[in-house]
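Participant: For reference, this is protein19.cif, and it has mmCIF, C-alpha atoms and all ligand atoms.
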```
data_query
#
loop_
_atom_site.label_atom_id
_atom_site.label_comp_id
_atom_site.auth_asym_id
_atom_site.auth_seq_id
_atom_site.Cartn_x
_atom_site.Cartn_y
_atom_site.Cartn_z
CA MET L 520 19.06 -1.01 -10.37
CA ASN L 521 20.14 1.51 -12.99
CA LEU L 522 17.19 3.54 -14.15
CA ASN L 523 16.94 5.25 -17.51
CA ASP L 524 15.19 8.62 -17.90
CA GLU L 525 11.94 7.04 -18.99
CA GLN L 526 11.81 4.83 -15.91
CA ARG L 527 12.55 7.79 -13.66
CA ARG L 528 9.70 9.74 -15.26
CA GLU L 529 7.45 6.73 -14.81
CA ILE L 530 8.24 6.58 -11.10
CA TYR L 531 7.44 10.27 -10.74
CA GLU L 532 4.16 9.79 -12.64
CA ASN L 533 3.16 7.07 -10.20
CA LEU L 534 4.03 9.20 -7.19
CA LEU L 535 2.00 12.14 -8.45
CA PHE L 536 -0.82 9.87 -9.56
CA ALA L 537 -1.16 8.41 -6.05
CA ARG L 538 -1.01 11.89 -4.51
CA ARG L 539 -3.63 13.40 -6.82
CA PHE L 540 -5.88 10.36 -6.47
CA GLU L 541 -5.99 10.56 -2.69
CA GLU L 542 -6.43 14.34 -2.72
CA THR L 543 -9.49 13.72 -4.88
CA VAL L 544 -10.72 11.04 -2.48
CA LEU L 545 -10.44 13.60 0.31
CA GLU L 546 -12.41 16.21 -1.65
CA ALA L 547 -15.08 13.65 -2.52
CA TYR L 548 -15.29 12.52 1.11
CA GLU L 549 -15.58 16.09 2.37
CA SER L 550 -18.43 16.76 -0.02
CA GLY L 551 -20.22 13.67 1.29
CA GLY L 552 -19.67 11.40 -1.68
CA VAL L 553 -17.49 8.51 -0.50
CA PRO L 554 -19.30 5.73 1.37
CA GLU L 555 -16.44 4.75 3.69
CA LEU L 556 -14.08 6.66 5.94
CA PRO L 557 -10.80 7.28 4.09
CA HIS L 558 -7.52 6.31 5.79
CA LEU L 559 -5.27 8.23 3.45
CA SER L 560 -1.62 7.51 2.73
CA ILE L 561 -0.75 11.00 1.51
CA GLY L 562 2.94 11.48 2.42
CA GLN L 563 3.73 7.74 2.21
CA GLU L 564 3.56 7.34 -1.58
CA ALA L 565 7.26 6.60 -2.15
CA VAL L 566 7.04 3.34 -0.19
CA GLY L 567 4.30 1.82 -2.34
CA VAL L 568 5.62 3.20 -5.61
CA GLY L 569 9.31 2.34 -5.10
CA ALA L 570 8.58 -1.15 -3.79
CA THR L 571 6.05 -2.02 -6.49
CA TYR L 572 8.50 -0.84 -9.12
CA ALA L 573 10.98 -3.40 -7.81
CA LEU L 574 8.50 -6.25 -8.27
CA SER L 575 7.53 -8.11 -11.42
CA GLU L 576 3.95 -7.78 -12.59
CA ASP L 577 3.27 -11.35 -11.52
CA ASP L 578 4.51 -10.98 -7.97
CA TRP L 579 1.99 -10.97 -5.13
CA ILE L 580 1.25 -7.81 -3.20
CA ALA L 581 -0.59 -7.79 0.12
CA PRO L 582 -1.43 -4.17 0.96
CA SER L 583 -2.48 -2.83 4.35
CA LEU L 584 -5.72 -0.93 4.68
CA ARG L 585 -3.76 2.31 4.12
CA THR L 586 -1.49 1.18 1.27
CA ARG L 587 -2.83 2.69 -1.96
CA ALA L 588 -0.06 3.27 -4.52
CA PRO L 589 0.54 -0.42 -5.43
CA ILE L 590 -3.17 -0.86 -6.14
CA LEU L 591 -3.20 2.23 -8.32
CA MET L 592 -0.15 0.96 -10.20
CA ARG L 593 -1.71 -2.40 -11.05
CA VAL L 594 -5.47 -2.09 -11.23
CA PRO L 595 -7.15 0.06 -13.92
CA LEU L 596 -8.12 3.41 -12.38
CA LYS L 597 -11.85 3.21 -13.07
CA GLU L 598 -11.93 -0.15 -11.31
CA VAL L 599 -10.14 1.27 -8.25
CA THR L 600 -12.47 4.26 -8.04
CA ALA L 601 -15.55 2.09 -8.51
CA GLY L 602 -14.11 -0.24 -5.86
CA MET L 603 -13.96 2.68 -3.49
CA TYR L 604 -17.62 3.47 -4.06
CA GLY L 605 -18.55 -0.21 -3.74
CA THR L 606 -20.19 -0.21 -7.16
CA VAL L 607 -20.46 -2.98 -9.71
CA SER L 608 -17.32 -2.18 -11.75
CA GLY L 609 -15.00 -2.46 -8.73
CA PRO L 610 -12.59 -5.41 -8.42
CA SER L 611 -15.03 -7.31 -6.18
CA GLU L 612 -18.05 -6.26 -8.27
CA GLY L 613 -19.45 -4.36 -5.31
CA ARG L 614 -18.90 -6.85 -2.50
CA THR L 615 -16.41 -4.61 -0.69
CA THR L 616 -15.34 -1.00 -0.58
CA GLN L 617 -11.89 0.59 -0.31
CA HIS L 618 -10.75 -0.93 2.98
CA HIS L 619 -10.83 -4.47 1.67
CA MET L 620 -9.71 -3.80 -1.83
CA GLY L 621 -7.77 -6.46 -3.66
CA SER L 622 -7.68 -7.97 -7.12
CA THR L 623 -6.19 -11.42 -7.45
CA GLU L 624 -6.33 -10.95 -11.22
CA HIS L 625 -3.67 -8.27 -10.72
CA GLY L 626 -1.77 -10.17 -8.03
CA ILE L 627 -3.20 -8.14 -5.15
CA LEU L 628 -4.50 -9.98 -2.12
CA GLY L 629 -7.58 -8.38 -0.58
CA THR L 630 -6.77 -6.78 2.73
CA THR L 631 -8.74 -6.77 5.97
CA GLY L 632 -9.53 -4.30 8.73
CA MET L 633 -7.79 -6.46 11.33
CA VAL L 634 -4.32 -5.01 11.82
CA GLY L 635 -1.64 -7.56 10.89
CA SER L 636 -4.03 -10.26 9.73
CA HIS L 637 -2.85 -10.15 6.12
CA LEU L 638 0.78 -10.98 6.94
CA ASN L 639 0.16 -14.67 7.10
CA ALA L 640 -1.91 -14.56 3.91
CA ALA L 641 1.18 -13.07 2.25
CA VAL L 642 3.34 -15.84 3.72
CA GLY L 643 0.78 -18.30 2.33
CA ALA L 644 1.19 -16.73 -1.10
CA GLY L 645 4.96 -17.24 -0.76
CA LEU L 646 4.39 -20.86 0.23
CA SER L 647 2.09 -21.42 -2.76
CA SER L 648 4.78 -20.00 -5.01
CA ARG L 649 7.28 -22.45 -3.60
CA GLN L 650 4.89 -25.38 -3.99
CA LEU L 651 3.79 -24.45 -7.49
CA GLY L 652 7.35 -23.56 -8.48
CA ASP L 653 6.08 -20.41 -10.21
CA ASP L 654 8.79 -18.00 -9.06
CA ARG L 655 6.38 -15.39 -7.67
CA VAL L 656 7.64 -13.26 -4.80
CA SER L 657 5.15 -12.03 -2.20
CA ALA L 658 5.48 -8.49 -0.82
CA VAL L 659 3.47 -7.45 2.20
CA PHE L 660 2.95 -3.85 3.36
CA PHE L 661 1.96 -3.13 6.96
CA GLY L 662 2.13 -0.38 9.54
CA ASP L 663 4.44 -0.07 12.54
CA GLY L 664 1.46 -0.88 14.76
CA ALA L 665 1.20 -4.31 13.14
CA THR L 666 4.65 -5.19 14.55
CA THR L 667 3.05 -5.37 18.00
CA ARG L 668 0.71 -8.15 16.85
CA GLY L 669 1.34 -11.87 17.19
CA GLU L 670 0.68 -12.35 13.48
CA PHE L 671 3.80 -10.38 12.62
CA HIS L 672 6.04 -12.70 14.63
CA THR L 673 4.32 -15.85 13.39
CA ALA L 674 4.69 -14.68 9.80
CA LEU L 675 8.39 -13.74 10.14
CA ASN L 676 9.24 -16.96 11.89
CA TYR L 677 7.49 -19.25 9.44
CA ALA L 678 8.81 -17.43 6.38
CA ALA L 679 12.34 -17.59 7.81
CA VAL L 680 12.12 -21.26 8.80
CA GLU L 681 10.88 -22.20 5.34
CA ASP L 682 13.05 -19.66 3.45
CA LEU L 683 9.95 -18.40 1.68
CA PRO L 684 10.09 -15.71 -1.04
CA VAL L 685 8.50 -12.96 1.05
CA VAL L 686 9.44 -9.30 1.42
CA PHE L 687 8.09 -7.75 4.63
CA ILE L 688 7.69 -3.99 4.30
CA ILE L 689 6.96 -1.98 7.43
CA GLU L 690 5.49 1.41 6.54
CA ASN L 691 6.72 3.00 9.76
CA ASN L 692 4.89 6.31 9.97
CA GLY L 693 5.69 6.54 13.67
CA TRP L 694 2.06 6.32 14.84
CA THR L 695 -0.46 3.65 15.43
CA GLU L 696 -3.73 5.55 15.42
CA GLU L 697 -3.17 8.14 18.18
CA THR L 698 -0.27 6.35 19.87
CA PRO L 699 3.41 6.99 19.12
CA ILE L 700 4.93 3.64 18.23
CA GLU L 701 7.81 3.97 20.75
CA GLN L 702 5.24 3.92 23.55
CA VAL L 703 4.05 0.42 22.66
CA THR L 704 7.19 -1.44 21.55
CA ALA L 705 10.08 -2.72 23.58
CA VAL L 706 12.76 -2.29 20.91
CA GLU L 707 15.31 0.41 21.60
CA GLU L 708 15.36 2.21 18.29
CA ASP L 709 14.40 0.60 14.99
CA LEU L 710 11.60 -1.89 14.47
CA ILE L 711 13.93 -4.17 12.50
CA GLU L 712 15.38 -5.11 15.89
CA PHE L 713 12.33 -7.34 16.05
CA ALA L 714 13.67 -9.32 13.13
CA GLY L 715 15.67 -11.98 14.95
CA HIS L 716 14.71 -15.20 13.24
CA ASP L 717 17.99 -14.97 11.29
CA LEU L 718 16.32 -12.60 8.86
CA PRO L 719 18.20 -10.02 6.76
CA SER L 720 16.79 -6.57 7.44
CA SER L 721 17.43 -2.89 6.85
CA VAL L 722 16.15 0.57 7.61
CA VAL L 723 15.24 2.61 4.54
CA ASP L 724 14.41 6.26 3.87
CA GLY L 725 10.77 5.76 2.92
CA GLN L 726 10.43 9.29 1.55
CA ASP L 727 12.89 8.60 -1.25
CA ALA L 728 11.44 6.35 -3.97
CA ASP L 729 14.94 5.56 -5.31
CA GLU L 730 16.09 4.30 -1.90
CA VAL L 731 12.92 2.25 -1.51
CA LEU L 732 13.37 0.76 -4.96
CA ALA L 733 17.02 -0.14 -4.35
CA ALA L 734 16.36 -1.84 -1.00
CA THR L 735 13.30 -3.69 -2.28
CA SER L 736 15.09 -4.85 -5.45
CA GLU L 737 17.80 -6.43 -3.33
CA ALA L 738 15.19 -8.18 -1.18
CA VAL L 739 13.22 -9.35 -4.24
CA ASP L 740 16.40 -10.78 -5.81
CA ARG L 741 17.20 -12.61 -2.60
CA ALA L 742 13.68 -14.06 -2.45
CA ARG L 743 13.63 -15.06 -6.10
CA GLU L 744 16.99 -16.78 -5.84
CA GLY L 745 15.58 -19.00 -3.08
CA ASN L 746 17.40 -17.25 -0.25
CA GLY L 747 14.33 -16.43 1.79
CA PRO L 748 12.59 -13.43 3.29
CA THR L 749 13.78 -9.92 4.15
CA LEU L 750 12.39 -7.35 6.58
CA LEU L 751 12.50 -3.74 5.42
CA GLU L 752 11.60 -0.82 7.64
CA MET L 753 10.59 2.21 5.62
CA LYS L 754 10.65 5.39 7.69
CA THR L 755 7.77 7.49 6.47
CA TYR L 756 4.94 9.75 7.61
CA ARG L 757 1.29 10.34 6.86
CA TYR L 758 0.23 13.93 6.30
CA ARG L 759 -3.40 13.35 7.24
CA PRO L 760 -4.84 12.13 10.55
CA HIS L 761 -5.21 8.36 11.09
CA ALA L 762 -8.65 8.55 9.48
CA GLU L 763 -10.55 11.56 8.30
CA VAL L 764 -12.96 11.59 11.21
CA ILE L 765 -10.17 11.68 13.81
CA GLN L 766 -8.98 14.97 15.16
CA GLU L 767 -5.26 15.55 14.62
CA ARG L 768 -3.31 15.20 17.87
CA ARG L 769 0.23 15.04 16.54
CA ASP L 770 2.58 17.92 17.05
CA GLU L 771 2.30 20.60 14.36
CA ALA L 772 6.09 20.98 14.28
CA GLU L 773 6.49 17.25 13.64
CA ILE L 774 4.05 17.33 10.73
CA LYS L 775 5.78 20.39 9.31
CA ARG L 776 9.19 18.75 9.58
CA TRP L 777 8.02 15.71 7.63
CA LYS L 778 6.32 17.86 5.00
CA GLN L 779 9.76 19.20 4.21
CA ARG L 780 10.59 15.66 3.13
CA ASP L 781 7.65 15.29 0.78
CA PRO L 782 8.31 12.23 -1.41
CA VAL L 783 6.69 13.77 -4.48
CA LYS L 784 8.71 16.97 -4.18
CA ILE L 785 11.97 15.12 -3.48
CA TYR L 786 11.57 13.15 -6.71
CA ARG L 787 10.41 16.09 -8.78
CA ASP L 788 13.37 18.25 -7.66
CA ARG L 789 15.80 15.43 -8.45
CA LEU L 790 14.42 14.99 -11.96
CA LEU L 791 14.53 18.74 -12.55
CA ASP L 792 18.11 18.99 -11.25
CA ASP L 793 19.18 16.14 -13.51
CA GLY L 794 17.45 17.66 -16.55
CA VAL L 795 15.20 14.61 -16.93
CA VAL L 796 12.06 16.77 -16.99
CA ASP L 797 11.20 20.45 -17.34
CA GLU L 798 8.42 22.60 -15.89
CA ALA L 799 6.24 22.30 -19.00
CA TRP L 800 6.37 18.48 -18.86
CA LEU L 801 5.49 18.55 -15.16
CA GLU L 802 2.51 20.82 -15.76
CA ASP L 803 1.20 18.70 -18.63
CA LEU L 804 1.51 15.57 -16.55
CA ASP L 805 -0.36 17.11 -13.63
CA ALA L 806 -3.18 18.33 -15.87
CA SER L 807 -3.61 14.99 -17.60
CA LEU L 808 -3.56 13.02 -14.32
CA ARG L 809 -6.18 15.33 -12.80
CA GLU L 810 -8.35 14.90 -15.86
CA GLU L 811 -8.05 11.10 -15.79
CA ILE L 812 -8.81 10.96 -12.07
CA GLU L 813 -11.82 13.30 -12.39
CA ALA L 814 -13.18 11.12 -15.19
CA SER L 815 -12.81 8.00 -13.02
CA PHE L 816 -14.78 9.64 -10.20
CA GLU L 817 -17.51 10.66 -12.59
CA PHE L 818 -17.59 7.10 -13.90
CA ALA L 819 -17.77 5.59 -10.40
CA GLN L 820 -20.42 8.03 -9.21
CA ASN L 821 -22.63 6.89 -12.09
CA ASP L 822 -21.72 3.22 -11.81
CA PRO L 823 -24.64 1.11 -10.54
CA ALA L 824 -24.78 -0.53 -7.13
CA PRO L 825 -24.35 -4.32 -7.35
CA PRO L 826 -27.45 -6.36 -8.14
CA GLU L 827 -28.99 -8.37 -5.30
CA GLU L 828 -27.66 -11.65 -6.67
CA THR L 829 -24.08 -10.47 -5.96
CA MET L 830 -24.54 -11.33 -2.30
CA TYR L 831 -25.30 -14.95 -3.16
CA HIS L 832 -21.83 -15.62 -4.59
CA VAL L 833 -19.79 -14.89 -1.50
CA TYR L 834 -19.79 -18.42 -0.11
CA LYS L 835 -20.07 -21.65 -2.03
CA ASP L 836 -23.53 -23.23 -1.69
CA VAL L 837 -23.13 -26.52 0.16
CA GLU L 838 -25.35 -28.80 2.18
CA VAL L 839 -23.91 -30.14 5.42
CA ASP L 840 -25.00 -33.04 7.59
CA ARG L 841 -25.54 -32.82 11.36
CA ASP L 842 -21.82 -33.30 12.06
CA GLY L 843 -20.79 -30.54 9.67
CA GLY L 844 -19.73 -32.93 6.91
CA VAL L 845 -20.34 -31.71 3.36
CA VAL L 846 -23.13 -33.66 1.69
CA ARG L 847 -23.30 -31.82 -1.60
C1 LIG I 901 -6.41 -6.18 15.57
C2 LIG I 901 -6.82 -4.76 15.51
N1 LIG I 901 -6.61 -3.95 16.58
C3 LIG I 901 -6.97 -2.64 16.53
C4 LIG I 901 -7.56 -2.13 15.41
C5 LIG I 901 -7.91 -0.65 15.33
N2 LIG I 901 -6.94 0.00 14.44
C6 LIG I 901 -7.21 0.23 13.15
S1 LIG I 901 -5.92 0.93 12.34
C7 LIG I 901 -4.99 0.92 13.73
C8 LIG I 901 -3.61 1.49 13.74
C9 LIG I 901 -2.68 0.76 12.86
O1 LIG I 901 -1.44 1.37 12.96
P1 LIG I 901 -0.27 0.94 11.99
O2 LIG I 901 -0.20 -0.53 11.94
O3 LIG I 901 0.94 1.69 12.39
O4 LIG I 901 -0.79 1.43 10.55
P2 LIG I 901 -1.06 2.92 10.06
O5 LIG I 901 -2.51 3.21 10.40
O6 LIG I 901 -0.13 3.82 10.75
O7 LIG I 901 -0.85 2.86 8.59
C10 LIG I 901 -5.67 0.37 14.81
C11 LIG I 901 -5.11 0.23 16.17
C12 LIG I 901 -7.78 -3.00 14.31
N3 LIG I 901 -8.31 -2.57 13.18
N4 LIG I 901 -7.38 -4.29 14.37
MG MG I 902 1.64 3.53 11.75
#
```
Kindly return the structure encoded in the file as structure tokens.
Facilitator:
Amino acid sequence: MNLNDEQRREIYENLLFARRFEETVLEAYESGGVPELPHLSIGQEAVGVGATYALSEDDWIAPSLRTRAPILMRVPLKEVTAGMYGTVSGPSEGRTTQHHMGSTEHGILGTTGMVGSHLNAAVGAGLSSRQLGDDRVSAVFFGDGATTRGEFHTALNYAAVEDLPVVFIIENNGWTEETPIEQVTAVEEDLIEFAGHDLPSSVVDGQDADEVLAATSEAVDRAREGNGPTLLEMKTYRYRPHAEVIQERRDEAEIKRWKQRDPVKIYRDRLLDDGVVDEAWLEDLDASLREEIEASFEFAQNDPAPPEETMYHVYKDVEVDRDGGVVR
């Protein structure tokens, strides 16, 4: 995919936007304002941004609980922030908070707290695409830990057997909570060794949005042309602990090493080197993103809690007979 200067600036804007948003979430959480424990993806932004940039607006995205950038790229910011506070203007009108965020209106399947459980929902979205003939590709983001779950293998196998238009994206940050991934998997080196199932796969530098975009574009083309699923392993790293309440147990040197491969900095330096942006542009962008994000937090903090009747529209009202058959 050949990018023009405007597209390259747009990718950088999305990277910085995701970074500044989550930094603000952290500040709000630390000052006691966010109702749910953040599991931040700071450090992993290039995976979500690069991959989403490779998709069409109509394509399905199934994020993991940690994946944030694709949501920020598709859903209006005030809605995302309200969604985080569980207030009425959020995508679910206050039925969920950040961990379960989704917005089918924007092609984003709501995620769950059960690791790996959304993979088969994403495969289902691919199957629906096939059956409806609507050309939509389904991209699913999940952690390395999810590759140890049965759901992962079921999803890969079914998508491969049926040649479904699904792109499987492992956000391999090397850790599943407090456990290094190599301790709990039998593969020798890369998680794509799990692929089998006659599935094309590759390992990608997840800190470089251009690399992520190129690999995902290839997979999306394959899926859209009817040639089935692809497994991509994005090597990345989170800069924060698993969740904010958890004490950091990873090696300081390891964290430091990965911070030298900061996806936002890598992209910024490349744009500066290529003369696509200058310092003044970068400063203006940062200031305007901060302002927009602050305004969204102010909006969400003043947004009302959902009315009581919201809880009555979760399940359809039906009457059942003694055998569980639907009467009305
Ligand atoms: C089925 C299941 N088992 C355990 C947990 C507890 N848990 C929550 S997040 C997590 C780690 C997930 O690691 P990974 O898939 O690598 O994603 P990451 O947090 O690194 O983004 C675990 C074990 C859970 N939520 N669901
Ligand atoms: Mg992980």
Participant: Which residues are near Asp578 (chain L)? Cut-off 6 Å, all atoms listed in the file, ignore same chain within fewer than 4 positions. Put them as a list in words.
Facilitator: Arg655, Val656 and Ser657 of chain L
Participant: Using only C-alpha atoms, which of L:Leu751, L:Ala537, L:Ile765, L:Ala641 sits nearest Glu697 (chain L)?
Facilitator: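 Closest to Glu697 (chain L) of all the choices is L:Ile765.
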Participant: May I have the residues within 12 Å of Met620 (chain L) as a ChimeraX atom specification, using all atoms listed in the file and disregarding those fewer than 2 positions away in the same chain?
Facilitator: /L:580-587,589-591,594,598-605,609-618,622-623,625-632
Participant: Counting only C-alpha atoms and all ligand atoms, figure out which residue out of L:Thr606, L:Thr667, L:Thr571, L:Ser807 gets nearest to ligand MG 902 (chain I).
Facilitator: L:Thr667
Participant: Tell me which protein, DNA and RNA residues are within 12 Å of Asp717 (chain L), counting all atoms listed in the file, leaving out same-chain ones fewer than 2 positions away, and put them as a count of residues only.
Facilitator: 20
